[in-house]
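start.cif follows; it contains mmCIF, C-alpha atoms and all ligand atoms.
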```
data_entry
loop_
_atom_site.label_atom_id
_atom_site.label_comp_id
_atom_site.auth_asym_id
_atom_site.auth_seq_id
_atom_site.Cartn_x
_atom_site.Cartn_y
_atom_site.Cartn_z
CA MET A 1 122.15 79.61 -15.22
CA ARG A 2 123.87 82.62 -13.75
CA THR A 3 127.27 81.97 -12.32
CA THR A 4 128.46 83.01 -8.87
CA ASP A 5 130.69 85.56 -10.58
CA SER A 6 127.81 87.21 -12.34
CA LYS A 7 125.88 87.30 -9.07
CA PHE A 8 128.76 89.09 -7.44
CA ARG A 9 128.94 91.50 -10.37
CA ASP A 10 125.25 92.26 -9.78
CA ILE A 11 126.02 93.16 -6.17
CA GLN A 12 128.83 95.42 -7.39
CA THR A 13 126.41 97.04 -9.82
CA LEU A 14 123.92 97.49 -6.97
CA ALA A 15 126.63 99.34 -5.03
CA GLU A 16 127.19 101.54 -8.11
CA PHE A 17 123.48 102.25 -8.27
CA ALA A 18 123.45 103.11 -4.56
CA ASN A 19 126.31 105.59 -5.10
CA LEU A 20 124.94 106.97 -8.37
CA GLU A 21 124.61 110.72 -8.85
CA SER A 22 122.25 112.39 -11.32
CA ALA A 23 125.11 113.52 -13.59
CA ASN A 24 126.14 109.89 -14.20
CA VAL A 25 122.71 108.43 -14.86
CA ASP A 26 123.18 108.22 -18.65
CA TYR A 27 126.47 106.38 -18.27
CA PHE A 28 125.00 103.85 -15.83
CA ARG A 29 121.84 103.40 -17.88
CA ASN A 30 123.83 102.68 -21.06
CA ASN A 31 126.35 100.39 -19.40
CA LYS A 32 123.92 98.37 -17.30
CA PRO A 33 120.80 98.22 -19.43
CA GLY A 34 117.94 96.37 -17.76
CA PHE A 35 119.57 96.25 -14.34
CA VAL A 36 116.55 98.13 -13.03
CA PRO A 37 113.32 98.78 -15.00
CA ASP A 38 114.20 101.34 -17.68
CA ILE A 39 111.16 103.46 -16.90
CA TRP A 40 112.69 104.27 -13.48
CA TRP A 41 115.13 106.67 -15.14
CA THR A 42 112.57 109.03 -16.63
CA MET A 43 109.33 108.72 -14.72
CA PRO A 44 108.56 110.81 -11.65
CA ALA A 45 107.37 108.82 -8.66
CA PHE A 46 103.59 108.82 -8.29
CA PHE A 47 103.73 109.41 -4.59
CA SER A 48 106.03 111.46 -2.48
CA GLU A 49 106.18 112.60 1.11
CA THR A 50 107.12 116.12 -0.01
CA ASP A 51 105.61 118.24 -2.78
CA LYS A 52 108.74 117.83 -4.89
CA ARG A 53 108.48 114.47 -6.59
CA PRO A 54 111.68 112.57 -7.23
CA LEU A 55 112.18 110.36 -10.25
CA VAL A 56 111.41 106.71 -9.58
CA TRP A 57 115.10 105.70 -9.51
CA GLN A 58 115.83 108.36 -6.90
CA LEU A 59 112.97 107.17 -4.73
CA HIS A 60 114.24 103.58 -4.73
CA GLN A 61 117.89 104.62 -4.45
CA GLN A 62 116.93 106.32 -1.19
CA THR A 63 115.47 103.05 0.13
CA LEU A 64 118.55 101.20 -1.09
CA GLN A 65 120.85 103.61 0.73
CA GLU A 66 118.85 103.09 3.92
CA ALA A 67 119.07 99.33 3.41
CA TRP A 68 122.85 99.56 2.88
CA GLN A 69 123.23 101.55 6.08
CA ALA A 70 121.08 99.10 8.05
CA ARG A 71 122.74 96.00 6.55
CA PHE A 72 119.80 94.87 4.44
CA PRO A 73 117.03 94.20 6.95
CA LEU A 74 114.19 92.09 5.54
CA ASP A 75 111.56 94.83 5.45
CA LYS A 76 113.75 97.06 3.27
CA CYS A 77 114.65 94.13 1.02
CA VAL A 78 111.00 93.27 0.47
CA LYS A 79 110.23 96.93 -0.26
CA LEU A 80 113.06 97.13 -2.79
CA ILE A 81 112.20 93.90 -4.58
CA GLY A 82 108.52 94.81 -4.64
CA ALA A 83 109.37 98.15 -6.22
CA GLY A 84 110.35 96.39 -9.44
CA THR A 85 106.96 94.74 -9.74
CA PHE A 86 105.05 98.02 -9.91
CA PRO A 87 103.73 98.20 -13.51
CA TYR A 88 105.49 101.41 -14.52
CA LYS A 89 106.34 99.84 -17.86
CA ALA A 90 102.73 98.91 -18.52
CA ILE A 91 101.73 102.45 -17.70
CA GLN A 92 104.51 103.82 -19.92
CA ASP A 93 103.33 101.72 -22.87
CA LEU A 94 99.78 102.86 -22.31
CA THR A 95 100.80 106.50 -22.04
CA ALA A 96 102.71 106.12 -25.30
CA LYS A 97 99.55 104.78 -26.90
CA GLN A 98 97.69 107.83 -25.61
CA ASN A 99 100.35 110.13 -27.03
CA ILE A 100 101.57 111.33 -23.66
CA VAL A 101 105.31 111.61 -24.00
CA ALA A 102 107.81 110.71 -21.30
CA PRO A 103 109.37 114.22 -21.07
CA GLU A 104 105.94 115.56 -20.16
CA LEU A 105 105.63 113.02 -17.37
CA ALA A 106 109.17 113.73 -16.23
CA ASN A 107 108.84 117.51 -16.50
CA ALA A 108 109.87 119.10 -13.24
CA GLU A 109 107.16 121.78 -13.25
CA PHE A 110 104.54 119.20 -14.07
CA ALA A 111 105.90 116.97 -11.35
CA LYS A 112 105.84 119.73 -8.75
CA THR A 113 102.19 120.55 -9.28
CA THR A 114 100.83 117.02 -9.29
CA VAL A 115 100.69 114.49 -6.54
CA VAL A 116 99.26 111.71 -8.69
CA ILE A 117 98.62 111.53 -12.42
CA PRO A 118 95.97 114.24 -12.78
CA SER A 119 92.58 112.80 -13.53
CA THR A 120 91.21 116.15 -14.76
CA ASP A 121 93.06 115.76 -18.05
CA PRO A 122 90.94 113.33 -20.07
CA ARG A 123 94.03 111.74 -21.63
CA TYR A 124 95.40 110.82 -18.22
CA ALA A 125 92.03 109.64 -17.01
CA GLU A 126 91.89 107.32 -19.98
CA VAL A 127 95.38 106.03 -19.33
CA LEU A 128 94.56 105.34 -15.70
CA ALA A 129 91.36 103.59 -16.67
CA LEU A 130 93.27 101.50 -19.18
CA ALA A 131 95.96 100.67 -16.67
CA THR A 132 93.38 99.70 -14.09
CA THR A 133 91.51 97.58 -16.63
CA THR A 134 94.72 95.84 -17.61
CA LEU A 135 95.56 95.15 -13.98
CA GLU A 136 92.13 93.81 -13.10
CA MET A 137 91.07 92.05 -16.25
CA ASP A 138 94.08 90.72 -18.03
CA PRO A 139 96.68 89.07 -15.82
CA ALA A 140 97.97 87.11 -18.81
CA GLY A 141 98.50 90.28 -20.82
CA LEU A 142 100.23 91.87 -17.87
CA ALA A 143 102.58 88.91 -17.52
CA LYS A 144 104.82 90.30 -20.25
CA TYR A 145 105.64 93.17 -17.92
CA GLU A 146 106.64 90.86 -15.09
CA ALA A 147 110.36 90.48 -15.05
CA VAL A 148 113.06 89.45 -12.62
CA TYR A 149 115.57 92.27 -12.75
CA PRO A 150 119.21 91.67 -11.79
CA TYR A 151 118.93 94.28 -9.03
CA MET A 152 116.30 92.09 -7.30
CA GLN A 153 118.65 89.11 -7.17
CA ALA A 154 121.42 91.33 -5.82
CA VAL A 155 119.13 92.60 -3.05
CA MET A 156 118.15 89.02 -2.16
CA LEU A 157 121.77 87.95 -2.02
CA LEU A 158 122.62 90.86 0.25
CA ALA A 159 119.72 89.93 2.50
CA THR A 160 121.45 86.61 3.18
CA GLU A 161 125.07 87.85 2.94
CA SER A 162 124.79 91.31 4.44
CA TRP A 163 128.49 91.36 5.42
CA ARG A 164 129.20 92.14 1.75
CA ALA A 165 127.52 95.55 2.00
CA ARG A 166 130.31 97.92 3.06
CA PHE A 167 131.37 101.54 3.14
CA CYS A 168 134.93 102.34 2.09
CA PRO A 169 136.67 103.98 5.10
CA PHE A 170 138.76 106.10 2.71
CA CYS A 171 136.37 107.50 0.06
CA GLY A 172 133.07 106.77 1.83
CA ASN A 173 131.53 104.99 -1.18
CA ARG A 174 129.40 101.91 -0.80
CA PHE A 175 130.98 98.77 -2.20
CA ALA A 176 130.49 94.98 -2.31
CA ALA A 177 133.09 92.90 -0.49
CA ASP A 178 134.22 89.70 -2.23
CA ILE A 179 135.86 88.34 0.93
CA PRO A 180 135.19 89.17 4.61
CA ALA A 181 138.66 90.69 5.02
CA ARG A 182 138.11 93.31 2.27
CA ARG A 183 138.18 96.78 3.80
CA PHE A 184 138.58 99.22 0.92
CA CYS A 185 136.56 99.70 -2.26
CA SER A 186 139.63 99.61 -4.52
CA ASP A 187 143.40 99.19 -4.63
CA LYS A 188 143.62 102.92 -5.15
CA CYS A 189 141.82 103.68 -1.87
CA PHE A 190 143.89 101.04 -0.06
CA GLN A 191 147.20 102.50 -1.34
CA GLU A 192 146.11 106.10 -0.72
CA SER A 193 144.96 105.30 2.77
CA ARG A 194 148.24 103.53 3.54
CA ARG A 195 150.20 106.44 2.16
CA ARG A 196 148.26 108.98 4.21
CA TYR A 197 148.39 106.83 7.31
CA GLY A 198 152.14 106.48 6.75
CA ASN A 199 152.52 110.24 6.37
CA ALA A 200 150.50 110.86 9.51
CA MET A 201 152.56 108.37 11.49
CA TRP A 202 155.74 109.88 10.10
CA ALA A 203 154.62 113.39 11.12
CA LYS A 204 153.89 112.10 14.60
CA HIS A 205 156.91 109.85 15.15
CA GLY A 206 159.33 111.00 12.43
CA LYS A 207 161.64 112.76 14.84
CA GLU A 208 162.26 109.72 17.06
CA TRP A 209 162.40 107.38 14.04
CA ARG A 210 165.09 109.56 12.44
CA SER A 211 167.18 109.61 15.58
CA SER A 212 166.83 105.86 16.18
CA LYS A 213 167.71 105.25 12.53
CA LYS A 214 170.97 107.20 12.97
CA LYS A 215 171.84 105.08 16.00
CA SER A 216 171.03 101.79 14.32
CA SER A 217 172.47 102.59 10.88
CA THR A 218 176.05 102.07 12.07
CA LYS A 219 175.15 98.60 13.30
CA ARG A 220 173.48 97.70 10.00
CA THR A 221 176.39 98.95 7.87
CA LYS A 222 178.81 96.81 9.83
CA LYS A 223 176.71 93.74 9.33
CA GLY A 224 176.17 94.62 5.66
CA SER A 225 172.59 93.36 5.84
CA LYS A 226 169.72 94.64 3.68
ZN ZN A 301 137.16 103.86 -1.64
#
```

Just give me the structure as structure tokens.
Amino acid sequence: MRTTDSKFRDIQTLAEFANLESANVDYFRNNKPGFVPDIWWTMPAFFSETDKRPLVWQLHQQTLQEAWQARFPLDKCVKLIGAGTFPYKAIQDLTAKQNIVAPELANAEFAKTTVVIPSTDPRYAEVLALATTTLEMDPAGLAKYEAVYPYMQAVMLLATESWRARFCPFCGNRFAADIPARRFCSDKCFQESRRRYGNAMWAKHGKEWRSSKKKSSTKRTKKGSK
């Protein structure tokens, strides 16, 4: 059974995923294997509202960011959890069988010119037919592709404990709060913010503080207090 700690770590990882930039995908993918379906990292989304198709992870990251902003409303949570049940992996395995390699599917030019997997190419048509057959005829065979990914549990937890989904007021990153009083994503941001706030206050009130310090310093020296 997963411990409360590991559940919280999943929420932290979800925040990392929500903040993730393309340049750091390899790092995240290697360090959190299986957090989301692996196929998300390389496969372009089948459907897109624009003609430029994002990769699957980017599509769902967008939804996640909207959910974070809106404090995990139920409709977004259902959409996010449902996203992991789409049989990308089944389709990937079938495409591998048909000798269609992932880079071809993830190719930007290819992605730009296609809205769905093109059915004019006989190899793709076959793959789609196979995928459809698998979906309709063999629920038992498909079961091996059904998995509960850690990201799903994190989304569910945030649906019930949405106060944990925060934005750091200093760096702007999304982060998971362990206690309700947590305001910053890290000690570093807390310290930096305090330092800057201190500097700003000093710039504003420094003059009067300095003069009041002069007045009071004589008193303190006499008393010899710290
Ligand atoms: Zn921060």

Next on the checklist: Just want the residues within 12 Å of ligand ZN 301 (chain A), written as an MDAnalysis selection string, counting all atoms listed in the file.
Outcome noted: chainID A and resid 15 19 166:177 182:193

Checklist entry - So what do you get for CA of Leu157 in chain A versus CA of Ala181 in chain A, distance-wise? => result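 Pair CA of Leu157 in chain A / CA of Ala181 in chain A returns 18.5 Å.
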
Item to check | Gap from CA of Lys32 in chain A to CA of Tyr88 in chain A - Å, one decimal | outcome: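 Taking CA of Lys32 in chain A as the start and CA of Tyr88 in chain A as the end point, the length is 18.9 Å.
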
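Using only C-alpha atoms for every distance, the candidate list A:Ala159, A:Leu55, A:Val148, A:Val36 yields A:Ala159 as the residue closest to Pro73 in chain A.
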
Next on the checklist: If we count only C-alpha atoms and set the cut-off at 7 Å, which residues sit around range 63-72 of chain A, ignoring sequence neighbours fewer than 4 positions away in its own chain? Please answer as an MDAnalysis selection string.
Outcome noted: chainID A and resid 18 59 76:77 158:159 162 165

Residues from last step as file, C-alpha atoms, as a compact mmCIF listing (two decimals), in the frame of the given file:
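The new file again-v2.txt reads:
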```
# COMPACT_ATOMS: atom_id res chain seq x y z
CA ALA A 18 123.45 103.11 -4.56
CA LEU A 59 112.97 107.17 -4.73
CA LYS A 76 113.75 97.06 3.27
CA CYS A 77 114.65 94.13 1.02
CA LEU A 158 122.62 90.86 0.25
CA ALA A 159 119.72 89.93 2.50
CA SER A 162 124.79 91.31 4.44
CA ALA A 165 127.52 95.55 2.00
```

Item to check | Selection: 8 Å around Tyr149 in chain A, only C-alpha atoms, excl. self and same-chain fewer than 4 positions, as a PyMOL selection string | outcome: chain A and resi 34-37+84+153

Checklist entry - With distances taken over all atoms listed in the file, which of A:Thr4, A:Lys79, A:Tyr151, A:Glu208 is nearest to Phe17 in chain A? => result A:Tyr151

Checklist entry - Any idea what the distance is between CA of Ile179 in chain A and CA of Ala200 in chain A? => result 28.2 Å

Checklist entry - For Thr13 in chain A, which residue out of A:Val155, A:Asp75, A:Ala203, A:Ile81 is the nearest one, using all atoms listed in the file? => result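 Using all atoms listed in the file, Thr13 in chain A sits closest to A:Val155.
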
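Residue nearest Met43 in chain A, chosen from A:Phe8, A:Asn31, A:Trp57, A:Met201 and counting only C-alpha atoms: A:Trp57.
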
Next on the checklist: Give me, as a list in words, all polymer residues having an atom no more than 10 Å from Trp41 in chain A, counting only C-alpha atoms and skipping those fewer than 5 positions away in the same chain.
Outcome noted: Ser22, Val25, Asp26, Arg29, Val36, Leu55, Val56, Trp57, Gln58 and Ala106 of chain A

Please write the residues from the selection above to a file, keeping C-alpha atoms, as a CSV table (one decimal), in the coordinates of the input.
```
chain,number,residue,atom,x,y,z
A,22,SER,CA,122.2,112.4,-11.3
A,25,VAL,CA,122.7,108.4,-14.9
A,26,ASP,CA,123.2,108.2,-18.6
A,29,ARG,CA,121.8,103.4,-17.9
A,36,VAL,CA,116.6,98.1,-13.0
A,55,LEU,CA,112.2,110.4,-10.2
A,56,VAL,CA,111.4,106.7,-9.6
A,57,TRP,CA,115.1,105.7,-9.5
A,58,GLN,CA,115.8,108.4,-6.9
A,106,ALA,CA,109.2,113.7,-16.2
```
